[in-house]
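*Asks:* Sharing a structure here in structure tokens format.
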Number of protein chains: 2
Amino acid sequence: MSRVFNFSAGPAALPEQVLRQAQEEMLDWHGSGMSVMEMSHRGKEFMSIAAEAEADLRELMGIPTNYKVLFLQGGASSQFAMIPMNLIGRTGKADYFRTGSWSKKAIAEAKRYGAVNVTVNSEIDGHFSSVPAADSLRVSADAAYVHYTPNETIEGVEFPYVPATGDVPLVADMSSTILSRPVDVSRFGLIYAGAQKNIGPAGLTLVIVREDLIGTPLDGTPTMFNYATHADNESMYNTPPTYGWYLAGLVFKWLKGVGGLEGMAAINQRKADLLYNAIDGSDFYSNPVDLACRSWMNVPFTLADSALDGDFLKGAGDAGLKTLKGHRSVGGMRASIYNAMPEAGIQALVDFMGEFERTRG
Amino acid sequence: MSRVFNFSAGPAALPEQVLRQAQEEMLDWHGSGMSVMEMSHRGKEFMSIAAEAEADLRELMGIPTNYKVLFLQGGASSQFAMIPMNLIGRTGKADYFRTGSWSKKAIAEAKRYGAVNVTVNSEIDGHFSSVPAADSLRVSADAAYVHYTPNETIEGVEFPYVPATGDVPLVADMSSTILSRPVDVSRFGLIYAGAQKNIGPAGLTLVIVREDLIGTPLDGTPTMFNYATHADNESMYNTPPTYGWYLAGLVFKWLKGVGGLEGMAAINQRKADLLYNAIDGSDFYSNPVDLACRSWMNVPFTLADSALDGDFLKGAGDAGLKTLKGHRSVGGMRASIYNAMPEAGIQALVDFMGEFERTRG
């Protein structure tokens, strides 16, 4: 058995230590004689797993006590509707930043539930490669909330700051950046993230929401799309995705072991620097994103000659460097280097890139 | 390591063979160098896993080609809203059978989206212990569909027949009976089931829906709650619960190995007979459900002296017979004996019951 370096944008690599523990406990969790996935979600064994995962996440992110942590299903795509259905009612209007493919999807869905004011649009000639300066932002006085996507997974564009929105709640799709570095949760009204990048397996969705924003859904909101349903029942109104919740807990333990989010951020910065330096130090590779807002997590890059893309991917695959093909809307390559990608994986990629350029560039 | 017999109503026991294979493949699926949960859902490895699972399910259940199979999230509780949001629009009205706790929940949610006509109500003195005779059923001429719950997990009541509804589509919550015996899918407009009983881990929801019922959602239906979103994208509009999908596929293979649904039904009948005979052959244990509609999957039973409940549960637990406590709304005990519960588990339970009665009854 030989593990590869998997640069998938999501579902993505998980820490090998987490997978080994899950493997060891698959048929018998802590002497219970059951797999975690066989346990009643209301039994004391799973309740302890669930509570410990939440406590570890609260510690890692420093989540204030007036925020609920919800372990849901449906992915960020479900949140695109749940957010307006739960939050837009106060004024019927919300501000959205349009900075890439995922914020575009969030905007399209929100328009079905209220008036969307696109206050930032960073698209230039069909491309997204930057975000506006922090001091250029304006918040609509009648916005029920401001929504943005701190890291655009497809374009590899990341906000280098948290937007200041005053008393208007800030809502963030952190799917591809959560847990990659410390964040001041108190700056946000709501944070959401699909698990399959930095948290755990696909099928789990985390929502961290300030309590005062819960409880005023639009008419017709499905019971399962009402945050209050889950907040009032500790995310166990119905059967939660128990195995994903357990795996997320193992990932949180692993994060604590590498020094929490400060420790993880130092590693992530080294990883990103290594890869961007290799790209910038070459005339053969290039990344289109403004220096100030390059993503730590998703690094798109192109070859000087796109006719060599196929050979690059083939050679990389043979070298155990997998899932490097860029998103079809952007082309080229994309290396997603989430928390679980070890520094050795970046080094192996940089080594391969150098060798490919020498022999084929 | 010693595995217990786990009688949980869900999440529930999985076949040990399935867990062992998942354990073996946890870090490296078929030489890919990745766990299934790390794979891009759009890569060829996972696409092959997904397609094979669907093909096996279609073969097991004999699903006609004019039905879509959707691999979704959100549990049956999400379907309680999705069904009226997608199907009730034609007439604004639907018939619902009220035969236990879960059909009551389905009714409560459906009322938020249209007129619900409760055409069957089997509650007597606060209890549900039977279903009406097949020839007593009436279908409203203006019903967009008829909804029922073939097996009520909490009360242990199962329909011994499929209701005849003529041209009105029949919708069934099969969460706790799917795959337990053969069923004629062509009799149904839509079948849905949470996975965590007879399919796989919690967090996956199966929907089998006739194609002509897709595509006319109510205004305001979230994109993720529109069956067309998933039907048009092979359940990959967004990231599906990939690991649950994979495990479901392993369960389908296991079912084929025991002789498909005919083979499984023969085993399930033997298991149910063994347990009900033990209950009926004793003055100490009793089951309140009419003989004709006793569930094959969920067997509630009470002790003659409920003061002994605690001792029974303690003794059973010590003997490796777990999660037998009845639902709080019914009391007593409940043995959920889904497909994955081996006959040896029923024998061990029956043996313990006999011994407990002899020494404490």
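FYI, nothing fancy with the structure tokens labels: chains A, B, ... in order, residues from 1 per chain, ligands from 1 as they appear.
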Show which residues sit within 10 Å of A:Thr91, as a list in words. Count only C-alpha atoms, and ignore same-chain residues fewer than 2 positions away.
*Replies:* Leu87, Ile88, Gly89, Lys93, Ala94, Gly114, Ala115, Asp142, Ala143, Ala144 and Tyr145 of chain A
*Asks:* Report as JSON, numbers by chain all protein, DNA and RNA residues lying within 9 Å of A:Pro132, evaluated on only C-alpha atoms, omitting residues in the same chain fewer than 6 positions from it.
*Replies:* {"A": [120, 121, 122, 159]}
*Asks:* May I have the residues from that selection written out with C-alpha atoms, as a PDB file, in the first residue's frame?
*Replies:*
```pdb
ATOM      1  CA  VAL A 120     -18.593  44.185  -4.712  1.00  0.00           C
ATOM      2  CA  ASN A 121     -17.964  42.754  -8.161  1.00  0.00           C
ATOM      3  CA  SER A 122     -14.333  41.906  -8.835  1.00  0.00           C
ATOM      4  CA  PHE A 159      -9.527  37.923   1.253  1.00  0.00           C
TER       5      PHE A 159
END
```
*Asks:* Return as JSON lines the residues of chain B lying at most 7 Å from chain A, together with the closest atom-to-atom pair for each and the distance in Å to one decimal, counting only C-alpha atoms, with rows in chain order and ascending residue number.
*Replies:*
```
{"residue": "B:Met1", "atom": "CA", "partner": "A:Asp28", "partner_atom": "CA", "distance": 6.8}
{"residue": "B:Ser2", "atom": "CA", "partner": "A:Gly33", "partner_atom": "CA", "distance": 5.6}
{"residue": "B:Arg3", "atom": "CA", "partner": "A:Gly33", "partner_atom": "CA", "distance": 4.1}
{"residue": "B:Val4", "atom": "CA", "partner": "A:Gly33", "partner_atom": "CA", "distance": 5.0}
{"residue": "B:Ser8", "atom": "CA", "partner": "A:Ser40", "partner_atom": "CA", "distance": 6.1}
{"residue": "B:Gly10", "atom": "CA", "partner": "A:Ser40", "partner_atom": "CA", "distance": 5.8}
{"residue": "B:Pro11", "atom": "CA", "partner": "A:Ser40", "partner_atom": "CA", "distance": 5.1}
{"residue": "B:Ala12", "atom": "CA", "partner": "A:Glu38", "partner_atom": "CA", "distance": 4.7}
{"residue": "B:Ala13", "atom": "CA", "partner": "A:Glu38", "partner_atom": "CA", "distance": 4.9}
{"residue": "B:Leu14", "atom": "CA", "partner": "A:Glu38", "partner_atom": "CA", "distance": 6.5}
{"residue": "B:Leu19", "atom": "CA", "partner": "A:Leu27", "partner_atom": "CA", "distance": 6.4}
{"residue": "B:Gln23", "atom": "CA", "partner": "A:Gln23", "partner_atom": "CA", "distance": 5.1}
{"residue": "B:Met26", "atom": "CA", "partner": "A:Gln23", "partner_atom": "CA", "distance": 6.0}
{"residue": "B:Leu27", "atom": "CA", "partner": "A:Leu19", "partner_atom": "CA", "distance": 6.4}
{"residue": "B:Asp28", "atom": "CA", "partner": "A:Met1", "partner_atom": "CA", "distance": 6.8}
{"residue": "B:Gly31", "atom": "CA", "partner": "A:Met1", "partner_atom": "CA", "distance": 6.9}
{"residue": "B:Gly33", "atom": "CA", "partner": "A:Arg3", "partner_atom": "CA", "distance": 4.2}
{"residue": "B:Met34", "atom": "CA", "partner": "A:Arg3", "partner_atom": "CA", "distance": 6.2}
{"residue": "B:Met37", "atom": "CA", "partner": "A:Pro201", "partner_atom": "CA", "distance": 5.7}
{"residue": "B:Glu38", "atom": "CA", "partner": "A:Ala12", "partner_atom": "CA", "distance": 4.7}
{"residue": "B:Met39", "atom": "CA", "partner": "A:Pro11", "partner_atom": "CA", "distance": 5.7}
{"residue": "B:Ser40", "atom": "CA", "partner": "A:Pro11", "partner_atom": "CA", "distance": 5.1}
{"residue": "B:His41", "atom": "CA", "partner": "A:Pro11", "partner_atom": "CA", "distance": 6.9}
{"residue": "B:Gln73", "atom": "CA", "partner": "A:Gly74", "partner_atom": "CA", "distance": 5.7}
{"residue": "B:Gly74", "atom": "CA", "partner": "A:Gln73", "partner_atom": "CA", "distance": 5.7}
{"residue": "B:Ser77", "atom": "CA", "partner": "A:Asn238", "partner_atom": "CA", "distance": 6.8}
{"residue": "B:Ser78", "atom": "CA", "partner": "A:Met224", "partner_atom": "CA", "distance": 5.9}
{"residue": "B:Ala81", "atom": "CA", "partner": "A:Pro222", "partner_atom": "CA", "distance": 5.9}
{"residue": "B:Arg112", "atom": "CA", "partner": "A:Gly220", "partner_atom": "CA", "distance": 6.9}
{"residue": "B:Pro201", "atom": "CA", "partner": "A:Met37", "partner_atom": "CA", "distance": 5.8}
{"residue": "B:Ala202", "atom": "CA", "partner": "A:Pro241", "partner_atom": "CA", "distance": 5.1}
{"residue": "B:Gly203", "atom": "CA", "partner": "A:Pro241", "partner_atom": "CA", "distance": 4.3}
{"residue": "B:Gly220", "atom": "CA", "partner": "A:Arg112", "partner_atom": "CA", "distance": 6.9}
{"residue": "B:Pro222", "atom": "CA", "partner": "A:Ala81", "partner_atom": "CA", "distance": 5.9}
{"residue": "B:Met224", "atom": "CA", "partner": "A:Ser78", "partner_atom": "CA", "distance": 5.9}
{"residue": "B:Asn238", "atom": "CA", "partner": "A:Ser77", "partner_atom": "CA", "distance": 6.8}
{"residue": "B:Thr239", "atom": "CA", "partner": "A:Ala202", "partner_atom": "CA", "distance": 6.7}
{"residue": "B:Pro240", "atom": "CA", "partner": "A:Gly203", "partner_atom": "CA", "distance": 6.5}
{"residue": "B:Pro241", "atom": "CA", "partner": "A:Gly203", "partner_atom": "CA", "distance": 4.3}
{"residue": "B:Thr242", "atom": "CA", "partner": "A:Ala202", "partner_atom": "CA", "distance": 6.2}
```
*Asks:* By how many Å are atom CA of B:Arg58 and atom CA of B:Pro182 apart?
*Replies:*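 Atom-to-atom, atom CA of B:Arg58 and atom CA of B:Pro182 are spaced 12.1 Å apart.
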*Asks:* Rank B:Gly215, B:Gly332, B:Gly189, B:Pro15 by their smallest atom-to-atom distance to B:Pro288, using only C-alpha atoms, and report the top residue only.
*Replies:*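 Nearest candidate to B:Pro288 out of B:Gly215, B:Gly332, B:Gly189, B:Pro15: B:Gly332.
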*Asks:* Could you find all residues in stretch 27-121 of chain A that DSSP calls strand (DSSP E or B) from the backbone, and write them as a list in words?
*Replies:*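 Answer for stretch 27-121 of chain A restricted to strand (DSSP E or B) is Tyr67, Lys68, Val69, Leu70, Phe71, Leu72, Lys93, Ala94, Asp95, Tyr96, Phe97, Arg98, Ala115, Val116, Asn117, Val118, Thr119, Val120 and Asn121 of chain A.
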*Asks:* So which residues touch A:Gly62 within 12 Å, counting only C-alpha atoms, skipping near sequence neighbours fewer than 6 positions away, as a list in words?
*Replies:* Glu54, Ala55, Asp56, Val69, Leu179, Arg181, Pro182, Val183, Asp184, Val185, Ser186, Arg187, Ile208, Gly260, Leu261 and Glu262 of chain A
*Asks:* Can you pull out every residue from stretch 193-313 of chain B that DSSP, working from the backbone, puts in alpha helix (DSSP H), and format the result as number ranges by chain?
*Replies:* B: 227-231, 242-257, 260-280, 309-313
*Asks:* Can you tell me how far atom CA of B:Leu308 sits from atom CA of B:Asn268, in Å to one decimal?
*Replies:*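 Pair atom CA of B:Leu308 / atom CA of B:Asn268 returns 29.0 Å.
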*Asks:* Would you pick out the contacts of A:Ala50 at 10 Å or less, using only C-alpha atoms, so that residues sharing its chain but fewer than 4 positions from it are not included, and give the list as a PDB file with C-alpha atoms, in the first residue's frame?
*Replies:*
```pdb
ATOM      1  CA  HIS A  41     -27.163   9.074  18.018  1.00  0.00           C
ATOM      2  CA  LYS A  44     -24.227   7.939  25.685  1.00  0.00           C
ATOM      3  CA  GLU A  45     -21.299   6.782  23.525  1.00  0.00           C
ATOM      4  CA  PHE A  46     -22.173   8.911  20.520  1.00  0.00           C
ATOM      5  CA  GLU A  54     -17.959  20.526  19.536  1.00  0.00           C
ATOM      6  CA  ALA A  55     -15.865  21.416  22.581  1.00  0.00           C
ATOM      7  CA  PHE A  71     -23.624  19.944  12.637  1.00  0.00           C
ATOM      8  CA  GLU A 234     -28.292  20.168  19.736  1.00  0.00           C
ATOM      9  CA  SER A 235     -28.229  19.223  16.005  1.00  0.00           C
ATOM     10  CA  THR A 242     -22.847  10.634  12.907  1.00  0.00           C
ATOM     11  CA  TRP A 245     -19.263  14.181  13.041  1.00  0.00           C
ATOM     12  CA  TYR A 246     -16.937  11.595  14.612  1.00  0.00           C
ATOM     13  CA  ALA A 248     -14.484  15.802  12.257  1.00  0.00           C
ATOM     14  CA  GLY A 249     -13.762  15.273  15.942  1.00  0.00           C
TER      15      GLY A 249
END
```
*Asks:* When you look at B:Lys104 with a cut-off of 12 Å (counting only C-alpha atoms), what residues show up, excluding the ones that are within fewer than 6 positions of it in the same chain? I need them as an NGL selection string.
*Replies:* :B and (77 or 80 or 96-98 or 110-111 or 116 or 118 or 120-123 or 128 or 147-149 or 152 or 154 or 173)
*Asks:* Could you take the residues named above and write them with C-alpha atoms, as an mmCIF file, in the first residue's frame?
*Replies:*
```
data_model
loop_
_atom_site.group_PDB
_atom_site.id
_atom_site.type_symbol
_atom_site.label_atom_id
_atom_site.label_comp_id
_atom_site.auth_asym_id
_atom_site.auth_seq_id
_atom_site.Cartn_x
_atom_site.Cartn_y
_atom_site.Cartn_z
ATOM 1 C CA SER B 77 -37.231 14.582 7.807
ATOM 2 C CA PHE B 80 -41.297 15.408 4.670
ATOM 3 C CA TYR B 96 -51.950 10.942 4.151
ATOM 4 C CA PHE B 97 -52.332 7.782 6.253
ATOM 5 C CA ARG B 98 -51.842 8.378 9.972
ATOM 6 C CA ALA B 110 -46.976 18.564 4.580
ATOM 7 C CA LYS B 111 -49.736 20.774 6.023
ATOM 8 C CA VAL B 116 -53.699 17.368 3.784
ATOM 9 C CA VAL B 118 -55.964 12.302 6.574
ATOM 10 C CA VAL B 120 -56.573 6.771 7.463
ATOM 11 C CA ASN B 121 -56.168 7.274 11.205
ATOM 12 C CA SER B 122 -55.426 4.101 13.109
ATOM 13 C CA GLU B 123 -54.886 5.713 16.507
ATOM 14 C CA PHE B 128 -51.155 2.678 17.078
ATOM 15 C CA HIS B 147 -48.478 9.205 1.413
ATOM 16 C CA TYR B 148 -48.011 6.368 3.865
ATOM 17 C CA THR B 149 -45.402 4.808 6.122
ATOM 18 C CA GLU B 152 -43.684 2.505 11.678
ATOM 19 C CA ILE B 154 -41.512 3.287 16.876
ATOM 20 C CA ASP B 173 -41.440 6.349 3.659
#
```
